[in-house]
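Enquirer: Following this line is coords-v1.pdb, made up of PDB, C-alpha atoms:
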ATOM      1  CA  MET F   1       0.000   0.000   0.000
ATOM      2  CA  LYS F   2       1.288   3.451  -0.880
ATOM      3  CA  ALA F   3       1.951   5.738   2.084
ATOM      4  CA  PHE F   4      -0.735   8.343   2.758
ATOM      5  CA  THR F   5      -1.690  11.014   5.261
ATOM      6  CA  TYR F   6      -4.783  10.513   7.409
ATOM      7  CA  VAL F   7      -7.204  13.234   8.485
ATOM      8  CA  ASN F   8      -9.726  12.371  11.213
ATOM      9  CA  ALA F   9     -12.550  14.825  10.586
ATOM     10  CA  ALA F  10     -14.752  15.336  13.632
ATOM     11  CA  ASN F  11     -17.821  16.433  11.702
ATOM     12  CA  GLU F  12     -19.217  17.277   8.265
ATOM     13  CA  LYS F  13     -17.701  20.760   8.210
ATOM     14  CA  GLU F  14     -14.197  19.479   8.974
ATOM     15  CA  ALA F  15     -14.537  16.668   6.437
ATOM     16  CA  ILE F  16     -15.505  19.029   3.634
ATOM     17  CA  ALA F  17     -12.686  21.413   4.560
ATOM     18  CA  ALA F  18     -10.155  18.565   4.485
ATOM     19  CA  LEU F  19     -11.422  17.338   1.132
ATOM     20  CA  GLN F  20     -11.509  20.830  -0.360
ATOM     21  CA  SER F  21      -7.906  21.565   0.581
ATOM     22  CA  ALA F  22      -6.619  18.580  -1.400
ATOM     23  CA  GLN F  23      -6.227  18.440  -5.157
ATOM     24  CA  ARG F  24      -8.638  16.252  -7.086
ATOM     25  CA  GLY F  25      -7.459  12.675  -7.312
ATOM     26  CA  THR F  26      -5.064  12.884  -4.370
ATOM     27  CA  MET F  27      -7.585  12.272  -1.577
ATOM     28  CA  LEU F  28     -10.476   9.937  -0.813
ATOM     29  CA  PRO F  29     -13.046   9.863   2.002
ATOM     30  CA  MET F  30     -13.269   6.764   4.204
ATOM     31  CA  ALA F  31     -16.050   5.636   6.516
ATOM     32  CA  GLY F  32     -15.829   2.004   7.623
ATOM     33  CA  GLY F  33     -13.059   1.305   5.106
ATOM     34  CA  MET F  34     -14.533  -2.042   4.022
ATOM     35  CA  ASP F  35     -14.105  -1.190   0.351
ATOM     36  CA  LEU F  36     -11.464   1.530   0.208
ATOM     37  CA  LEU F  37      -8.739  -0.247   2.169
ATOM     38  CA  GLY F  38      -9.003  -3.340  -0.005
ATOM     39  CA  MET F  39      -8.682  -1.239  -3.154
ATOM     40  CA  MET F  40      -5.664   0.547  -1.706
ATOM     41  CA  LYS F  41      -3.975  -2.741  -0.831
ATOM     42  CA  ASP F  42      -4.534  -3.951  -4.381
ATOM     43  CA  TYR F  43      -3.223  -0.638  -5.832
ATOM     44  CA  ILE F  44      -6.501   0.054  -7.629
ATOM     45  CA  VAL F  45      -6.517   3.474  -5.950
ATOM     46  CA  SER F  46      -3.563   5.201  -4.271
ATOM     47  CA  PRO F  47      -4.680   8.405  -2.552
ATOM     48  CA  GLU F  48      -2.171  10.724  -0.965
ATOM     49  CA  ARG F  49      -4.707  11.720   1.686
ATOM     50  CA  VAL F  50      -7.493   9.719   3.327
ATOM     51  CA  VAL F  51     -10.153  11.718   5.157
ATOM     52  CA  SER F  52     -12.141   9.868   7.799
ATOM     53  CA  ILE F  53     -15.844  10.717   7.647
ATOM     54  CA  LYS F  54     -16.855   8.575  10.615
ATOM     55  CA  GLY F  55     -17.750  11.829  12.357
ATOM     56  CA  LEU F  56     -20.701  12.408  10.054
ATOM     57  CA  ASP F  57     -24.240  11.911  11.324
ATOM     58  CA  GLN F  58     -24.856   8.360  12.561
ATOM     59  CA  THR F  59     -28.487   8.770  13.609
ATOM     60  CA  ILE F  60     -31.744   7.402  12.205
ATOM     61  CA  ALA F  61     -34.499   9.967  12.688
ATOM     62  CA  ALA F  62     -38.208   9.525  11.945
ATOM     63  CA  GLY F  63     -40.300  12.389  10.570
ATOM     64  CA  ASP F  64     -43.210  13.060   8.186
ATOM     65  CA  GLY F  65     -43.825   9.338   7.879
ATOM     66  CA  GLY F  66     -40.303   8.635   6.621
ATOM     67  CA  LEU F  67     -36.721   8.414   7.840
ATOM     68  CA  LYS F  68     -33.528  10.438   7.636
ATOM     69  CA  ILE F  69     -30.539   8.120   7.912
ATOM     70  CA  GLY F  70     -27.045   9.450   8.499
ATOM     71  CA  ALA F  71     -24.575   8.088   5.960
ATOM     72  CA  ALA F  72     -22.161   7.131   8.755
ATOM     73  CA  THR F  73     -24.804   4.916  10.378
ATOM     74  CA  LYS F  74     -23.518   1.378  10.802
ATOM     75  CA  ILE F  75     -25.366  -1.170   8.667
ATOM     76  CA  VAL F  76     -26.074  -3.255  11.770
ATOM     77  CA  ASP F  77     -27.799  -0.290  13.410
ATOM     78  CA  LEU F  78     -30.089   0.074  10.401
ATOM     79  CA  ALA F  79     -30.808  -3.665  10.377
ATOM     80  CA  GLU F  80     -31.779  -3.577  14.064
ATOM     81  CA  HIS F  81     -33.771  -0.332  14.008
ATOM     82  CA  ALA F  82     -37.390  -0.999  15.053
ATOM     83  CA  VAL F  83     -38.967   1.943  13.195
ATOM     84  CA  ALA F  84     -37.016   1.187  10.024
ATOM     85  CA  ARG F  85     -38.149  -2.443  10.185
ATOM     86  CA  LYS F  86     -41.792  -1.386  10.543
ATOM     87  CA  LEU F  87     -41.817   1.283   7.822
ATOM     88  CA  PHE F  88     -39.148   0.071   5.392
ATOM     89  CA  PRO F  89     -38.866  -3.733   5.594
ATOM     90  CA  ALA F  90     -37.331  -3.980   2.110
ATOM     91  CA  LEU F  91     -34.410  -1.817   3.246
ATOM     92  CA  VAL F  92     -33.929  -3.722   6.494
ATOM     93  CA  THR F  93     -33.991  -7.070   4.660
ATOM     94  CA  ALA F  94     -31.264  -5.785   2.328
ATOM     95  CA  ALA F  95     -29.211  -4.510   5.288
ATOM     96  CA  GLU F  96     -29.466  -7.862   7.061
ATOM     97  CA  GLY F  97     -27.985  -9.596   4.023
ATOM     98  CA  VAL F  98     -24.908  -7.402   3.677
ATOM     99  CA  GLY F  99     -21.634  -9.248   4.232
ATOM    100  CA  THR F 100     -20.949 -10.887   7.596
ATOM    101  CA  PRO F 101     -21.722  -9.680  11.142
ATOM    102  CA  GLN F 102     -18.224  -8.216  11.303
ATOM    103  CA  ILE F 103     -18.761  -6.256   8.082
ATOM    104  CA  ARG F 104     -22.206  -5.035   9.161
ATOM    105  CA  ASN F 105     -20.706  -3.814  12.433
ATOM    106  CA  MET F 106     -18.000  -1.820  10.615
ATOM    107  CA  GLY F 107     -19.559  -0.922   7.271
ATOM    108  CA  THR F 108     -21.776   2.124   6.904
ATOM    109  CA  VAL F 109     -24.945   2.904   4.981
ATOM    110  CA  GLY F 110     -23.141   5.490   2.861
ATOM    111  CA  GLY F 111     -20.218   3.152   2.257
ATOM    112  CA  ASN F 112     -22.485   0.404   0.936
ATOM    113  CA  ILE F 113     -24.187   2.833  -1.425
ATOM    114  CA  MET F 114     -20.879   4.281  -2.632
ATOM    115  CA  GLN F 115     -18.854   1.054  -2.991
ATOM    116  CA  ARG F 116     -17.040   0.569  -6.263
ATOM    117  CA  PRO F 117     -17.713  -2.241  -8.779
ATOM    118  CA  ARG F 118     -16.719  -5.769  -7.802
ATOM    119  CA  CYS F 119     -15.775  -6.755 -11.362
ATOM    120  CA  TRP F 120     -12.690  -8.973 -11.094
ATOM    121  CA  TYR F 121     -11.010  -7.228 -14.029
ATOM    122  CA  PHE F 122     -11.495  -3.815 -12.406
ATOM    123  CA  ARG F 123     -10.258  -5.135  -9.064
ATOM    124  CA  ASN F 124      -7.155  -6.836 -10.492
ATOM    125  CA  GLU F 125      -4.208  -4.466 -10.913
ATOM    126  CA  GLU F 126      -2.880  -6.638 -13.750
ATOM    127  CA  PHE F 127      -5.810  -5.695 -16.007
ATOM    128  CA  ASN F 128      -5.896  -2.154 -17.388
ATOM    129  CA  CYS F 129      -9.589  -2.357 -18.174
ATOM    130  CA  LEU F 130     -11.787   0.251 -19.810
ATOM    131  CA  LYS F 131     -12.949   1.652 -16.486
ATOM    132  CA  LYS F 132      -9.332   2.248 -15.408
ATOM    133  CA  GLY F 133      -8.374   4.032 -18.623
ATOM    134  CA  GLY F 134      -7.633   0.998 -20.781
ATOM    135  CA  SER F 135      -8.871   0.288 -24.278
ATOM    136  CA  ARG F 136     -11.396  -2.493 -23.675
ATOM    137  CA  CYS F 137     -13.724  -4.262 -21.281
ATOM    138  CA  PHE F 138     -12.172  -7.688 -20.713
ATOM    139  CA  ALA F 139     -15.538  -9.148 -19.696
ATOM    140  CA  VAL F 140     -16.796  -9.001 -23.299
ATOM    141  CA  GLU F 141     -14.591 -11.916 -24.367
ATOM    142  CA  GLY F 142     -13.584 -13.122 -20.913
ATOM    143  CA  GLU F 143     -15.251 -14.521 -17.816
ATOM    144  CA  ASN F 144     -18.540 -12.662 -17.522
ATOM    145  CA  GLN F 145     -20.818 -14.922 -15.498
ATOM    146  CA  PHE F 146     -21.375 -12.220 -12.876
ATOM    147  CA  HIS F 147     -21.642  -9.274 -15.231
ATOM    148  CA  ALA F 148     -24.534  -7.174 -16.536
ATOM    149  CA  ILE F 149     -27.515  -8.388 -18.545
ATOM    150  CA  PHE F 150     -28.802  -4.832 -19.084
ATOM    151  CA  GLY F 151     -27.079  -1.669 -20.246
ATOM    152  CA  ASP F 152     -25.176  -2.678 -23.406
ATOM    153  CA  GLY F 153     -21.793  -1.520 -22.097
ATOM    154  CA  PRO F 154     -19.284  -0.259 -22.982
ATOM    155  CA  CYS F 155     -18.375  -1.370 -19.439
ATOM    156  CA  HIS F 156     -20.366  -4.361 -18.216
ATOM    157  CA  ILE F 157     -20.127  -3.979 -14.441
ATOM    158  CA  VAL F 158     -23.064  -4.563 -12.126
ATOM    159  CA  HIS F 159     -23.764  -2.119  -9.322
ATOM    160  CA  PRO F 160     -22.760  -3.823  -6.050
ATOM    161  CA  SER F 161     -24.875  -1.934  -3.499
ATOM    162  CA  SER F 162     -27.627  -3.896  -1.762
ATOM    163  CA  LEU F 163     -29.053  -0.814  -0.013
ATOM    164  CA  ALA F 164     -29.333   1.401  -3.093
ATOM    165  CA  VAL F 165     -31.941  -0.907  -4.649
ATOM    166  CA  PRO F 166     -34.642  -0.480  -1.959
ATOM    167  CA  VAL F 167     -33.763   3.198  -1.485
ATOM    168  CA  ILE F 168     -34.719   3.813  -5.129
ATOM    169  CA  ALA F 169     -37.813   1.608  -4.776
ATOM    170  CA  TYR F 170     -38.927   3.787  -1.875
ATOM    171  CA  GLY F 171     -38.368   6.982  -3.867
ATOM    172  CA  GLY F 172     -35.550   8.095  -1.602
ATOM    173  CA  ARG F 173     -33.099  10.964  -1.946
ATOM    174  CA  PHE F 174     -29.443  11.473  -1.063
ATOM    175  CA  ARG F 175     -28.218  14.598   0.674
ATOM    176  CA  VAL F 176     -24.709  15.424  -0.485
ATOM    177  CA  ALA F 177     -22.388  18.151   0.711
ATOM    178  CA  GLY F 178     -19.236  19.676  -0.699
ATOM    179  CA  PRO F 179     -17.253  22.879  -1.150
ATOM    180  CA  ASN F 180     -20.205  24.547  -2.887
ATOM    181  CA  GLY F 181     -22.756  23.657  -0.223
ATOM    182  CA  ALA F 182     -25.352  20.927   0.215
ATOM    183  CA  ARG F 183     -27.995  19.592  -2.154
ATOM    184  CA  GLU F 184     -30.436  16.709  -2.415
ATOM    185  CA  ILE F 185     -30.496  14.285  -5.352
ATOM    186  CA  ASP F 186     -33.228  11.817  -6.247
ATOM    187  CA  ALA F 187     -31.737   8.358  -5.677
ATOM    188  CA  GLY F 188     -32.992   7.213  -9.072
ATOM    189  CA  GLU F 189     -30.962   9.959 -10.748
ATOM    190  CA  PHE F 190     -27.847   9.614  -8.586
ATOM    191  CA  PHE F 191     -26.221   6.642 -10.309
ATOM    192  CA  GLN F 192     -24.812   6.915 -13.833
ATOM    193  CA  MET F 193     -24.298   4.434 -16.635
ATOM    194  CA  PRO F 194     -20.778   3.918 -18.022
ATOM    195  CA  ASN F 195     -21.601   5.749 -21.263
ATOM    196  CA  ALA F 196     -22.276   8.862 -19.165
ATOM    197  CA  ASN F 197     -19.522   8.420 -16.565
ATOM    198  CA  LEU F 198     -16.986   5.743 -17.442
ATOM    199  CA  TYR F 199     -14.595   6.347 -14.560
ATOM    200  CA  GLY F 200     -17.207   6.809 -11.837
ATOM    201  CA  GLU F 201     -20.648   5.534 -10.975
ATOM    202  CA  ASN F 202     -22.593   8.597  -9.833
ATOM    203  CA  VAL F 203     -23.191  12.329 -10.233
ATOM    204  CA  LEU F 204     -21.065  13.518  -7.302
ATOM    205  CA  GLN F 205     -18.914  16.531  -8.059
ATOM    206  CA  PRO F 206     -15.262  16.669  -6.937
ATOM    207  CA  ASN F 207     -14.908  16.478  -3.149
ATOM    208  CA  GLU F 208     -18.633  15.975  -2.497
ATOM    209  CA  ILE F 209     -19.746  13.309  -0.024
ATOM    210  CA  VAL F 210     -23.069  11.641   0.727
ATOM    211  CA  THR F 211     -24.222  12.713   4.204
ATOM    212  CA  HIS F 212     -27.779  11.331   4.489
ATOM    213  CA  VAL F 213     -30.321   8.999   2.961
ATOM    214  CA  ILE F 214     -33.805  10.535   3.075
ATOM    215  CA  LEU F 215     -36.815   8.259   2.692
ATOM    216  CA  PRO F 216     -40.375   9.583   2.232
ATOM    217  CA  ALA F 217     -43.426   7.811   3.611
ATOM    218  CA  PRO F 218     -43.491   4.368   1.969
ATOM    219  CA  GLY F 219     -46.287   2.505   0.253
ATOM    220  CA  GLN F 220     -48.367   0.165   2.338
ATOM    221  CA  ARG F 221     -46.429  -2.952   1.351
ATOM    222  CA  SER F 222     -42.799  -3.582   0.403
ATOM    223  CA  ALA F 223     -40.202  -6.328   0.290
ATOM    224  CA  SER F 224     -36.773  -7.291  -1.038
ATOM    225  CA  TYR F 225     -35.509 -10.616  -2.289
ATOM    226  CA  GLU F 226     -31.938 -11.573  -3.193
ATOM    227  CA  VAL F 227     -30.478 -14.658  -4.863
ATOM    228  CA  ARG F 228     -26.937 -15.624  -3.797
ATOM    229  CA  PHE F 229     -24.584 -18.561  -4.190
ATOM    230  CA  LYS F 230     -24.278 -18.676  -0.413
ATOM    231  CA  GLN F 231     -25.986 -16.778   2.385
ATOM    232  CA  SER F 232     -22.843 -15.633   4.184
ATOM    233  CA  HIS F 233     -20.450 -12.999   2.841
ATOM    234  CA  ASP F 234     -21.546 -12.942  -0.766
ATOM    235  CA  TRP F 235     -22.882 -10.339  -3.157
ATOM    236  CA  PRO F 236     -26.264 -11.008  -4.777
ATOM    237  CA  LEU F 237     -26.374 -12.622  -8.199
ATOM    238  CA  ALA F 238     -29.721 -10.873  -8.646
ATOM    239  CA  ALA F 239     -31.951  -8.837  -6.352
ATOM    240  CA  ALA F 240     -35.254  -7.002  -6.417
ATOM    241  CA  SER F 241     -37.072  -4.519  -4.199
ATOM    242  CA  VAL F 242     -40.782  -3.767  -4.521
ATOM    243  CA  ASN F 243     -42.769  -0.879  -3.009
ATOM    244  CA  LEU F 244     -46.559  -0.987  -3.446
ATOM    245  CA  VAL F 245     -49.214   1.673  -2.911
ATOM    246  CA  MET F 246     -52.498  -0.178  -2.419
ATOM    247  CA  SER F 247     -56.181   0.621  -2.801
ATOM    248  CA  GLY F 248     -57.707  -2.184  -0.806
ATOM    249  CA  SER F 249     -56.412  -5.403  -2.324
ATOM    250  CA  VAL F 250     -55.589  -3.729  -5.656
ATOM    251  CA  VAL F 251     -52.220  -2.196  -6.543
ATOM    252  CA  LYS F 252     -52.648   1.520  -7.118
ATOM    253  CA  SER F 253     -48.997   2.019  -8.109
ATOM    254  CA  ALA F 254     -45.732   0.139  -7.831
ATOM    255  CA  ARG F 255     -42.006   0.765  -7.896
ATOM    256  CA  ILE F 256     -39.811  -2.214  -8.792
ATOM    257  CA  VAL F 257     -36.005  -2.034  -8.867
ATOM    258  CA  MET F 258     -33.547  -4.819  -9.660
ATOM    259  CA  GLY F 259     -29.991  -5.088  -8.396
ATOM    260  CA  ALA F 260     -26.853  -6.882  -9.645
ATOM    261  CA  VAL F 261     -28.125  -6.971 -13.231
ATOM    262  CA  ALA F 262     -26.886  -3.630 -14.635
ATOM    263  CA  PRO F 263     -24.248  -0.945 -14.013
ATOM    264  CA  VAL F 264     -26.882   0.943 -11.986
ATOM    265  CA  PRO F 265     -29.829  -0.212  -9.871
ATOM    266  CA  TRP F 266     -32.318  -1.044 -12.631
ATOM    267  CA  ARG F 267     -35.899   0.220 -12.316
ATOM    268  CA  VAL F 268     -38.390  -1.715 -14.467
ATOM    269  CA  ALA F 269     -41.410   0.375 -15.454
ATOM    270  CA  ALA F 270     -42.803  -2.415 -17.635
ATOM    271  CA  ALA F 271     -43.202  -4.671 -14.602
ATOM    272  CA  GLU F 272     -44.744  -1.819 -12.626
ATOM    273  CA  ARG F 273     -47.393  -1.353 -15.309
ATOM    274  CA  VAL F 274     -48.321  -5.025 -15.145
ATOM    275  CA  LEU F 275     -49.177  -4.685 -11.440
ATOM    276  CA  ALA F 276     -51.064  -1.376 -11.633
ATOM    277  CA  GLY F 277     -54.816  -1.795 -11.169
ATOM    278  CA  LYS F 278     -54.624  -5.504 -10.323
ATOM    279  CA  ALA F 279     -54.788  -7.719  -7.276
ATOM    280  CA  ILE F 280     -51.578  -9.650  -6.897
ATOM    281  CA  THR F 281     -51.716 -13.343  -7.648
ATOM    282  CA  GLU F 282     -48.932 -15.748  -8.486
ATOM    283  CA  ALA F 283     -49.873 -15.468 -12.166
ATOM    284  CA  ILE F 284     -49.707 -11.645 -12.075
ATOM    285  CA  ALA F 285     -46.371 -11.763 -10.232
ATOM    286  CA  THR F 286     -45.014 -14.119 -12.881
ATOM    287  CA  GLU F 287     -46.245 -11.828 -15.660
ATOM    288  CA  ALA F 288     -44.561  -8.832 -14.021
ATOM    289  CA  ALA F 289     -41.311 -10.778 -13.591
ATOM    290  CA  ASN F 290     -41.351 -11.746 -17.266
ATOM    291  CA  ALA F 291     -41.927  -8.103 -18.206
ATOM    292  CA  ALA F 292     -39.026  -7.019 -15.988
ATOM    293  CA  LEU F 293     -36.570  -9.232 -17.883
ATOM    294  CA  ALA F 294     -37.990  -8.793 -21.375
ATOM    295  CA  GLY F 295     -35.186  -6.459 -22.444
ATOM    296  CA  ALA F 296     -32.292  -8.440 -20.975
ATOM    297  CA  ARG F 297     -29.282  -9.043 -23.216
ATOM    298  CA  PRO F 298     -27.046 -11.618 -21.510
ATOM    299  CA  MET F 299     -23.386 -12.110 -22.274
ATOM    300  CA  SER F 300     -21.770 -15.424 -23.179
ATOM    301  CA  GLY F 301     -21.630 -16.731 -19.615
ATOM    302  CA  ASN F 302     -24.517 -15.189 -17.704
ATOM    303  CA  ASN F 303     -27.733 -16.236 -19.422
ATOM    304  CA  TYR F 304     -28.704 -17.962 -16.149
ATOM    305  CA  LYS F 305     -29.153 -14.510 -14.597
ATOM    306  CA  ILE F 306     -32.398 -14.008 -16.507
ATOM    307  CA  ARG F 307     -34.048 -16.898 -14.687
ATOM    308  CA  ILE F 308     -32.825 -15.974 -11.228
ATOM    309  CA  ALA F 309     -33.659 -12.286 -11.734
ATOM    310  CA  LYS F 310     -37.196 -13.311 -12.678
ATOM    311  CA  THR F 311     -37.301 -15.349  -9.490
ATOM    312  CA  ALA F 312     -36.105 -12.384  -7.414
ATOM    313  CA  VAL F 313     -38.745 -10.059  -8.885
ATOM    314  CA  LYS F 314     -41.572 -12.572  -8.543
ATOM    315  CA  ARG F 315     -40.730 -13.481  -4.953
ATOM    316  CA  ALA F 316     -40.277  -9.840  -3.946
ATOM    317  CA  ILE F 317     -43.724  -9.023  -5.365
ATOM    318  CA  LEU F 318     -45.354 -11.948  -3.590
ATOM    319  CA  ALA F 319     -43.565 -11.139  -0.323
ATOM    320  CA  ALA F 320     -44.709  -7.515  -0.539
ATOM    321  CA  SER F 321     -48.305  -8.554  -1.246
ATOM    322  CA  ARG F 322     -48.330 -10.623   1.964
ATOM    323  CA  ALA F 323     -46.628  -8.026   4.145
TER     324      ALA F 323
END
Here is a file; write its structure as structure tokens.

Expert:
Amino acid sequence: MKAFTYVNAANEKEAIAALQSAQRGTMLPMAGGMDLLGMMKDYIVSPERVVSIKGLDQTIAAGDGGLKIGAATKIVDLAEHAVARKLFPALVTAAEGVGTPQIRNMGTVGGNIMQRPRCWYFRNEEFNCLKKGGSRCFAVEGENQFHAIFGDGPCHIVHPSSLAVPVIAYGGRFRVAGPNGAREIDAGEFFQMPNANLYGENVLQPNEIVTHVILPAPGQRSASYEVRFKQSHDWPLAAASVNLVMSGSVVKSARIVMGAVAPVPWRVAAAERVLAGKAITEAIATEAANAALAGARPMSGNNYKIRIAKTAVKRAILAASRA
């Protein structure tokens, strides 16, 4: 690991000041360090300055029927929060599935949302892939069983965050702060495809940080479902979060978002339209799942993802309908 200086910012103001005083590309913020330290050890990133943002807000506050979650909140604290479990079960389910107990006790909500792609070509210093300034995406002709089935490249990563998927399903927003002040960004507009931002994954400006996740009042029923190779310490192969606004037993409106299938959390309006105006049955859930995957374009090694993504969507819908 390259030597670096460490700044322990006590609060948001100090963190922004420390980030602003460094030149772009020479510093990085660190919360729990679950992702950043591994990338530094593998020489994927080599900052000259690391700014601790553990001093940011770590509270979960209820208000106006929703929640305001500090980005420095530990994932375990979100998973064990009684109000969050009652109002936002899809988010709590996703939090419970993150990593291992040790990771959930160290990792933060903001860190999970901001983690970098887990693509093995991006993570391996021996491969100068497209996302690191190289000339090609090695997944196109290489091992791509865990890569995207939506998005059409040019980089075929999948977004690794488990928490971002339900946040978008709930219509959440991110508060970000930086040298030019604070602003709020709709979570569905926060993440960017590789053709818009090849070297990053979101709309953050230089030296901005995510400080809060803001969730409005949810629909009456919601759920998440993830498919993994193993339950412990694994990223989802496919995931789905569903948020339903009901009129009696009939779906008034729905928000359905898939994870681990595209370079961004992937909202599927076609599946939402299938549910609107209908009571949920297994047949309707199957129809919506088929609609969600209708536009999938698998690579040479990941055609299986279509089936398991359909399963994730269907089971999330059925779980939400029974909530």

Enquirer: What is the distance, in Å and to one decimal place, between atom CA of Lys54 of chain F and atom CA of Glu14 of chain F?

Expert: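 Between atom CA of Lys54 of chain F and atom CA of Glu14 of chain F the gap works out to 11.3 Å.
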
Enquirer: Applying 7 Å and only C-alpha atoms, which residues near segment 192-194 of chain F remain after dropping the ones on its own chain fewer than 2 positions away? List them as JSON, numbers by chain.

Expert: {"F": [153, 154, 155, 190, 196, 197, 198, 201, 202, 203, 263, 264]}

Enquirer: Out of F:Lys74, F:His147, F:His212, F:Arg255, which residue has the shortest atom-to-atom distance to Pro166 of chain F when counting only C-alpha atoms?

Expert: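 Of F:Lys74, F:His147, F:His212, F:Arg255, the one nearest Pro166 of chain F, counting only C-alpha atoms, is F:Arg255.
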
Enquirer: Could you tell me how far atom CA of Val313 of chain F lies from atom CA of Thr286 of chain F, in Å and to one decimal?

Expert: 8.5 Å

Enquirer: Can you work out the spacing between atom CA of Met106 of chain F and atom CA of Pro218 of chain F in Å, to one decimal?

Expert: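 Atom CA of Pro218 of chain F lies 27.6 Å from atom CA of Met106 of chain F.
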
Enquirer: Could you give me, as a count of residues only, the residues that have an atom at most 9 Å away from the point (-16.1, -1.3, -5.7) in the coordinates of the file, using all atoms listed in the file?

Expert: 13
